[in-house]
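Novice: Please find one structure pasted underneath; my questions will follow.
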Amino acid sequence: MYFIVMEVASQNFALKGDIAYSKTQTRLETFENSYLVCEKGKSAGVFPRLPEAFAGFPLIDYTGRLILPGLTDLHMHAPQFSFRSLGMDLELLSWLEKHAFPEEAKYRDAEYARLAYGLLTEHLKRSPNTRFCIFATIHVPATVILMDLLEESGLVSMVGKVNMDRNSPDILREADAETSAAATREWLTALADRNYKNTYPILTPRFIPSCSDDLMAALARIQKHCAAAHSPRALPLQSHLSENQREIAWVRELCPEAGCYGDAYARHDLFGAEIPTIMAHCVWSGEEELRLMRSRGVYIAHCPQSNLNISSGIAPVRRFLDMGIPTGLGSDVAGGVHTSIFRAMTDAIGVSKLRQCLVAKDEAPITFEEAFWMGTLGGGSFFGKAGLPGNAGATGSFDPGYEFDALVIDDADLAAPFSLSVEERLRRTVYLSDDRHIVAKYVRGNLI
Ligand code: GUN
Ligand code: FE
C-alpha cells in the first residue's frame with residue numbers, strides 16, 4: 001500500500017524549461033521558460049506561470065533546457081538489433097534469408113536471448129524513444145524474456161511473438177498452422193499472470209509469404225476470442241505490407257484472389273477496422289490499398305532508413321498524410337541501423353525530397369513539422385484509443401490528458417554564434433543530438 005501511494009505521489013510534479021510539441025500535424029507550439037505539469041502520470045498542460053492548483057507539486061527546474069514529448073518507434077525487430085549495420089548488401093528477400101532468419105533462429109536458445117535482449121533494452125533506455133511496437137521471434141520463451149526485460153525497464157511497448165509456418169528455413173519455421181497458433185495461445189497464457197503494467201502483446205504474423213491461409217484463419221480466431229473475453233481492442237496486430245516489388249509479386253502468386261496485398265490480410269479479418277493494426281512500409285501501396293487502409297483506420301509505420309538500406313524504394317508519405325491515413329515512424333532495426341526516431345524524422349524529410357525530384361513531382365516533401373508530428377503524436381496515438389482498451393493511453397503531446405512521456409535535452413553544445421529560438425533549438429536537436437544530450441527521460445510520469 002505504501003508503495004502505491006509513493007508511486008502516485010511521484011507522478012505529480014512540474015518541470016520548468018523551454019517546451020516544444022506538435023499542436024497539430026502541421027503546427028509546432030513552443031513555450032520559453034514555462035511549466036509542464038504531470039498529474040497522475042498524465043499531462044495537465046503547459047503554463048507560463050505555475051497555476052495555484054499545482055503549487056504543492058514538486059518542481060524540477062530544467063531552466064535553459066528543452067522539454068519535448070517522448071518518441072514512438074512504431075516498428076522494430078528486437079532480435080535484429082544484434083546485427084544492425086552488418087549485411088547491408090542485399091534486397092529484402094535475400095537479406096531475410098542470408099542475414100535476418102539465421103540470426104533470429106538463435107533465439108531458440110533462451111540464454112542467447114537473455115544476453116542479446118539485455119543489450120537491446122539497455123540501449124533503448126538511453127534512447128529518445130519511450131514507446132515501441134516490436135517484433136520478437138517465433139520462440140515463446142525468448143519473447144517472454146524480452147517482455148520481462150522491457151517491463152523492468154519502465155519503457156512502454158507492444159511486443160509480438162512472430163508467426164511463420166511457410167516459406168521459411170527449417171530452423172525458423174513452425175511445423176504447421178496449428179503448431180504456430182498453439183504457441184501463440186501458450187504465449188498469451190504465459191503473460192496472463194505476469195501483470196505487466198507497461199508491456200502488451202500484439203499479434204504478429206510476419207508477412208503473407210510466411211503465413212499460410214490456415215494460420216491466418218487461426219490467428220483471426222485467437223484475436224476474436226481475446227476481443228470477446230476482454231475488449232475489441234485487446235489484441236492489436238502488426239505486420240509488413242507492400243515493402244518490396246519482388247515481395248509483392250510473390251504475394252500475388254500466393255494469393256491470386258486478393259485484390260491487393262492489403263486485401264490478403266483483410267480477407268482474414270486481420271486488417272484494421274475492429275483490430276488496431278500497424279502495417280510497416282507501404283512503399284508500393286497503390287490507390288486501392290491506401291483507400292482500404294484509410295477506411296479501416298490501419299496505421300502505417302514509415303521506415304525511411306530501412307527503405308534505403310535494403311533498397312525497397314521511397315514511400316509516398318505525402319499521399320498517406322493527405323489522405324488522412326494514420327502514420328508514424330519506425331526504425332525497422334535491422335533494416336534500419338539507427339534506433340533513434342529523431343534520425344527517422346530527418347530521413348523521412350530527406351527521402352521525401354528525393355521522391356519529389358525523382359519519382360513524383362506533384363508530391364511535396366514532408367515538412368519538419370510533419371516529421372516531428374509523425375515521430376511523436378502520429379505514432380504515439382496508436383497507444384491510445386486505437387491501441388488499448390478504452391480511450392486512454394495516447395502519448396506524444398503535452399495537451400492535457402495525454403500520457404506523460406517527456407525528454408529533457410541539454411542542447412548547450414548545439415549553440416550557434418547567433419541566438420536561436422526554441423523552435424530552432426528543437427530543429428537542431430532533431431538533426432544533431434544524440435543520447436548524450438538527454439538529461440532526463442520520463443515515461444508515463446516515471447523517471448527512467
Ligand atoms: N518482411 C518480413 N520480415 C521482414 C523483416 O524482418 N524486415 C523487413 N524490413 N521486412 C520484412
Ligand atoms: Fe520490419
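Residues in the C-alpha cells are named by chain (A, B, ... in the order shown) and by number from 1 within that chain; ligands are numbered from 1 in the order shown.
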Which protein, DNA or RNA residues have an atom within 6 Å of ligand 1, counting only C-alpha atoms and all ligand atoms, as JSON, numbers by chain?
Specialist: {"A": [206, 207, 240, 335]}
Novice: Name each residue within 7 Å of ligand 2, counting only C-alpha atoms and all ligand atoms, as a ChimeraX atom specification.
Specialist: /A:75-77,240,280,332,335
Novice: What's the 9 Å shell around range 406-420 of chain A, counting only C-alpha atoms, without same-chain residues fewer than 6 positions away, as a PyMOL selection string?
Specialist: chain A and resi 17+62+64-71+128-130+396+398+428-429+432-433+436-445
Novice: Only C-alpha atoms, please: the residues just picked out, written as a compact mmCIF listing (two decimals), in the first residue's frame.
Specialist:
# COMPACT_ATOMS: atom_id res chain seq x y z
CA GLY A 17 12.14 24.76 -19.06
CA TYR A 62 15.34 22.48 -16.05
CA GLY A 64 17.60 26.62 -20.17
CA ARG A 65 16.93 23.07 -21.29
CA LEU A 66 14.48 21.77 -23.87
CA ILE A 67 11.50 19.63 -22.85
CA LEU A 68 9.96 17.54 -25.65
CA PRO A 69 7.49 14.65 -25.91
CA GLY A 70 8.95 11.12 -25.93
CA LEU A 71 9.25 9.47 -29.35
CA PRO A 128 14.98 9.29 -27.04
CA ASN A 129 12.22 6.76 -27.72
CA THR A 130 9.72 5.99 -24.98
CA GLY A 396 3.24 12.37 -27.95
CA PHE A 398 1.56 17.85 -23.88
CA ARG A 428 18.96 21.40 -34.06
CA THR A 429 18.16 18.72 -31.53
CA LEU A 432 22.19 16.91 -34.33
CA SER A 433 21.59 15.49 -30.87
CA ARG A 436 24.34 12.09 -24.53
CA HIS A 437 22.14 15.19 -24.80
CA ILE A 438 19.27 13.51 -22.92
CA VAL A 439 19.45 14.54 -19.27
CA ALA A 440 16.13 13.01 -18.18
CA LYS A 441 13.51 10.74 -19.68
CA TYR A 442 10.01 10.32 -18.26
CA VAL A 443 7.64 7.54 -19.30
CA ARG A 444 4.05 7.61 -18.04
CA GLY A 445 5.23 10.10 -15.45
Novice: Please list as a PyMOL selection string every residue within 12 Å of range 244-248 of chain A, counting only C-alpha atoms and excluding residues in the same chain fewer than 3 positions away.
Specialist: chain A and resi 91-96+207-210+240-241+251-256+258+260-262+264+280-286+306-308+310-315
Novice: Select, from A:Val422, A:Leu124, A:Pro304, A:Arg294, the residue with the minimum atom-to-atom distance to Glu243 in chain A, counting only C-alpha atoms.
Specialist: A:Pro304
Novice: Give me, as a ChimeraX atom specification, all polymer residues having an atom no more than 9 Å from range 158-163 of chain A, counting only C-alpha atoms and skipping those fewer than 4 positions away in the same chain.
Specialist: /A:131-140,142-144,146-147,173-174,177,180-181,183-184,187,198-207,210-211,215,236-238,383
Novice: Write the selection just made, keeping C-alpha atoms, as a CSV table (one decimal), in the first residue's frame?
Specialist:
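And here is the file that came out, part34.csv:
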chain,number,residue,atom,x,y,z
A,131,ARG,CA,7.3,3.7,-26.8
A,132,PHE,CA,7.8,0.7,-29.1
A,133,CYS,CA,6.0,-1.7,-31.3
A,134,ILE,CA,8.3,-4.7,-31.6
A,135,PHE,CA,8.6,-8.0,-33.5
A,136,ALA,CA,10.3,-10.7,-31.4
A,137,THR,CA,10.8,-14.2,-32.9
A,138,ILE,CA,8.7,-17.4,-33.2
A,139,HIS,CA,10.1,-18.5,-29.8
A,140,VAL,CA,7.8,-18.3,-26.8
A,142,ALA,CA,12.6,-15.7,-25.7
A,143,THR,CA,9.6,-13.5,-26.4
A,144,VAL,CA,8.6,-13.6,-22.7
A,146,LEU,CA,12.2,-9.8,-23.9
A,147,MET,CA,8.9,-8.7,-22.4
A,173,ARG,CA,9.6,-22.2,-39.2
A,174,GLU,CA,6.7,-23.6,-37.1
A,177,ALA,CA,-0.7,-23.6,-38.7
A,180,SER,CA,2.0,-21.8,-34.6
A,181,ALA,CA,-1.4,-21.0,-33.3
A,183,ALA,CA,2.4,-21.5,-29.5
A,184,THR,CA,0.6,-18.1,-29.7
A,187,TRP,CA,2.5,-17.3,-25.1
A,198,ASN,CA,3.7,-1.3,-19.5
A,199,THR,CA,4.1,-4.2,-21.8
A,200,TYR,CA,1.4,-5.6,-24.1
A,201,PRO,CA,1.1,-8.4,-26.5
A,202,ILE,CA,0.4,-7.7,-30.2
A,203,LEU,CA,-0.4,-10.4,-32.8
A,204,THR,CA,2.5,-10.6,-35.3
A,205,PRO,CA,2.1,-12.7,-38.5
A,206,ARG,CA,5.4,-11.9,-40.1
A,207,PHE,CA,4.1,-11.2,-43.6
A,210,SER,CA,5.5,-16.7,-44.2
A,211,CYS,CA,1.9,-17.4,-43.1
A,215,LEU,CA,-2.5,-19.9,-39.9
A,236,PRO,CA,-3.8,-5.4,-31.8
A,237,LEU,CA,-1.9,-6.6,-34.8
A,238,GLN,CA,1.3,-5.7,-36.7
A,383,PHE,CA,-1.2,3.6,-27.8
Novice: Show me, as a PyMOL selection string, the residues that have an atom within 7 Å of Ala334 in chain A when counting only C-alpha atoms, minus same-chain residues fewer than 4 positions from it.
Specialist: chain A and resi 77+80-81+83-84
Novice: Can you list every residue in range 360-396 of chain A that DSSP puts in helix (DSSP H, G or I), as a CSV table (one decimal) with N, CA and C atoms, in the first residue's frame?
Specialist:
chain,number,residue,atom,x,y,z
A,368,PHE,N,9.4,19.7,-41.7
A,368,PHE,CA,9.9,19.4,-40.4
A,368,PHE,C,8.7,19.1,-39.4
A,369,GLU,N,7.7,20.0,-39.4
A,369,GLU,CA,6.6,19.9,-38.5
A,369,GLU,C,5.9,18.5,-38.7
A,370,GLU,N,5.7,18.1,-39.9
A,370,GLU,CA,5.1,16.8,-40.2
A,370,GLU,C,5.9,15.7,-39.7
A,371,ALA,N,7.2,15.7,-39.9
A,371,ALA,CA,8.1,14.7,-39.5
A,371,ALA,C,8.1,14.6,-37.9
A,372,PHE,N,8.2,15.7,-37.3
A,372,PHE,CA,8.2,15.7,-35.8
A,372,PHE,C,6.8,15.1,-35.3
A,373,TRP,N,5.8,15.5,-35.9
A,373,TRP,CA,4.4,15.0,-35.5
A,373,TRP,C,4.4,13.5,-35.7
A,374,MET,N,4.9,13.0,-36.8
A,374,MET,CA,4.8,11.5,-37.1
A,374,MET,C,5.6,10.8,-36.0
A,375,GLY,N,6.7,11.3,-35.6
A,375,GLY,CA,7.6,10.6,-34.6
A,375,GLY,C,7.1,10.8,-33.2
A,376,THR,N,6.2,11.7,-32.9
A,376,THR,CA,5.6,11.8,-31.6
A,376,THR,C,4.2,11.4,-31.6
A,377,LEU,N,3.3,12.4,-31.8
A,377,LEU,CA,1.8,12.1,-31.7
A,377,LEU,C,1.3,11.1,-32.8
A,378,GLY,N,1.9,11.2,-34.0
A,378,GLY,CA,1.5,10.3,-35.1
A,378,GLY,C,1.6,8.8,-34.7
A,379,GLY,N,2.7,8.4,-34.1
A,379,GLY,CA,2.9,7.0,-33.7
A,379,GLY,C,2.3,6.8,-32.3
A,380,GLY,N,2.5,7.9,-31.4
A,380,GLY,CA,2.1,7.8,-30.0
A,380,GLY,C,0.6,7.6,-29.9
A,381,SER,N,-0.2,8.0,-30.9
A,381,SER,CA,-1.6,7.9,-30.8
A,381,SER,C,-2.0,6.4,-30.9
A,382,PHE,N,-1.2,5.5,-31.4
A,382,PHE,CA,-1.5,4.1,-31.5
A,382,PHE,C,-1.7,3.5,-30.1
A,383,PHE,N,-1.1,4.1,-29.1
A,383,PHE,CA,-1.2,3.6,-27.8
A,383,PHE,C,-2.5,4.1,-27.1
Novice: Which of range 12-207 of chain A counts as strand (DSSP E or B) under DSSP, as a ChimeraX atom specification please?
Specialist: /A:13-24,27-39,42-47,59-69,71-77,129-135,156-160,162-163,199-201,203-205
Novice: Would you please work out which residue, of A:Arg126, A:Asp435, A:Ile145, A:Met88, is nearest to Ala110 in chain A when using only C-alpha atoms?
Specialist: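 Selected residue with least distance to Ala110 in chain A: A:Ile145.
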Novice: I want to know what sits within 8 Å of Ala392 in chain A, based on only C-alpha atoms, with residues of the same chain fewer than 5 positions away left out; could you give that as a list in words?
Specialist: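 The neighbour list is Gly384, Lys385 and Tyr402 of chain A.
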Novice: Could you take the residues named above and write them with C-alpha atoms, as a PDB file, in the first residue's frame?
Specialist:
ATOM      1  CA  GLY A 384      -4.437   5.494 -27.260  1.00  0.00           C
ATOM      2  CA  LYS A 385      -7.888   4.570 -28.319  1.00  0.00           C
ATOM      3  CA  TYR A 402      -2.025  12.686 -22.830  1.00  0.00           C
TER       4      TYR A 402
END
Novice: State, in Å with one decimal place, the distance from CA of Asp269 in chain A to CA of Leu219 in chain A.
Specialist: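 Computed distance, CA of Asp269 in chain A to CA of Leu219 in chain A, equals 9.7 Å.
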Novice: Please determine, counting only C-alpha atoms, which residue among A:Ile19, A:Ala234, A:Cys226, A:Leu150 has the shortest atom-to-atom distance to Tyr196 in chain A.
Specialist: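 Closest to Tyr196 in chain A of all the choices is A:Leu150.
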Novice: Calculated over only C-alpha atoms, which of the candidates A:Val359, A:Ala301, A:Val351, A:Leu59 has the smallest distance to Thr72 in chain A?
Specialist: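 Of all the options, A:Ala301 lies closest to Thr72 in chain A.
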Novice: When you draw a straight line from CA of Lys106 in chain A to CA of His123 in chain A, how long is it in Å?
Specialist: 20.3 Å
